[in-house]
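Visitor: Can you keep this structure in mind? I'll have questions shortly.
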Amino acid sequence: MITIDPLVNPADRIPFREPVVENMASFGSILYTIWNKGGDFVYVSIGGIRGQAAKDRKLRSRIMQHWQGMRSGDQFCIYVQEYFVLPQMIGQPYEAQNGKIDRMVRKYIHEHLSYAYVIDQSDEGNKRVRDYERSIQQGAWQGMKPLLNPRELDQFIGTNCYHRVSRTAVLTDGARYLAERAHCYWLMDVIVSYLVELDIQDWFVLATLDVSDTKGVVSLEDGSGHVHAPQEIPFTDFPLPVARLFANWNGDDWVLMLPSEY
């Protein structure tokens, strides 16, 4: 068993500018929280979950990945770019340089963020930290939810109104929330234009965005299970590895919604 009290105690937080991973245990599963200098709860995640036995699980790499600030392969660094770094760049002159955004992400992490962690070295530890992570994301821990929280989308189970994005398409509350928080109205445009271009006759379509590094693929699957020609997205900073939306034809418009709203 583990106690998660250190995750919320300010005295246990370690600045990312000087991580001390050498003081961590060399194996097991890790549950960690990330905080900003103002004391806001930013993120919760886990590491060291692969391996049959606890002794086979490596837990230090996640913290070091975040410290490096490299967006490739690190979802948290993509979040930092999307929600903290890019907003600071709006209206400012920018000169493209190789690796510049990664350096800006690293600088932000080092100057503004700290982390706290607990470790479970039992063989069941990988399952236990995952359960803790989910419950914390859902607000079961002291009523707090992390600012960067992919499970926020689960709150949408219906819509109060529709939000028009084109002459032939509207968004539900959940789809609009995704578009605004992930800055991906472009994805809605791609899906809608794809539906019109392919002239899909089925009333129900599953739209999927799969992201790998900074590239994506948008595909549409009709009610018969047929996947229409995938469309490659050469660059995207979408913050999640996958996004799925349902497109439902209501006789007048395509309605784009989250799966939880169907």
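Ordered as shown in the structure tokens, chains take letters A, B, and onward, while each chain numbers its residues from 1 and ligands are numbered from 1 in the order shown.
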Among range 101-138 of chain A, which residues does DSSP mark as strand (DSSP E) when it is run on the backbone? Keep the chain and numbering as in the structure and answer as number ranges by chain.
Guide: A: 113-120
Visitor: Could you name the residues that touch Met257 in chain A at 7 Å or less, counting only C-alpha atoms, but leaving out those on the same chain fewer than 2 positions away, as a PyMOL selection string?
Guide: chain A and resi 171-172+174-175+245-247+255+259+261
Visitor: Find the spatial neighbours of range 233-239 of chain A, counting only C-alpha atoms, within a cut-off of 12 Å - ignore same-chain residues fewer than 6 positions away - and output them as a PyMOL selection string.
Guide: chain A and resi 71-83+86+101+148-150+178-187+190+209-219
Visitor: Measuring atom to atom with only C-alpha atoms, identify which of A:Trp67, A:Trp254, A:Tyr108, A:Tyr32 is nearest to Val205 in chain A.
Guide: A:Trp254
Visitor: Which is closest to Gly125 in chain A among A:Asp56, A:Asp189, A:Asp102, A:Asp173, if we use only C-alpha atoms?
Guide: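 Smallest distance to Gly125 in chain A is found for A:Asp56.
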Visitor: Quick one: of A:Arg50, A:His110, A:Arg60, A:Lys55, who's nearest to Glu18 in chain A, counting only C-alpha atoms?
Guide: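 Residue with the minimum atom-to-atom distance to Glu18 in chain A: A:His110.
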Visitor: To one decimal in Å, tell me the separation between CA of Thr3 in chain A and CA of Arg128 in chain A.
Guide: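 These atoms are spaced 11.3 Å apart.
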Visitor: When distances are computed from only C-alpha atoms, which of A:Asp199, A:Pro241, A:Pro93, A:Tyr117 shows the smallest separation from Asp12 in chain A?
Guide: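 That would be A:Tyr117, the residue with the smallest distance to Asp12 in chain A.
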Visitor: Using only C-alpha atoms for the distances, tell me which of A:His226, A:Ala140, A:Met64, A:His112 is nearest to Glu22 in chain A.
Guide: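 The answer is A:Met64, which sits nearest to Glu22 in chain A.
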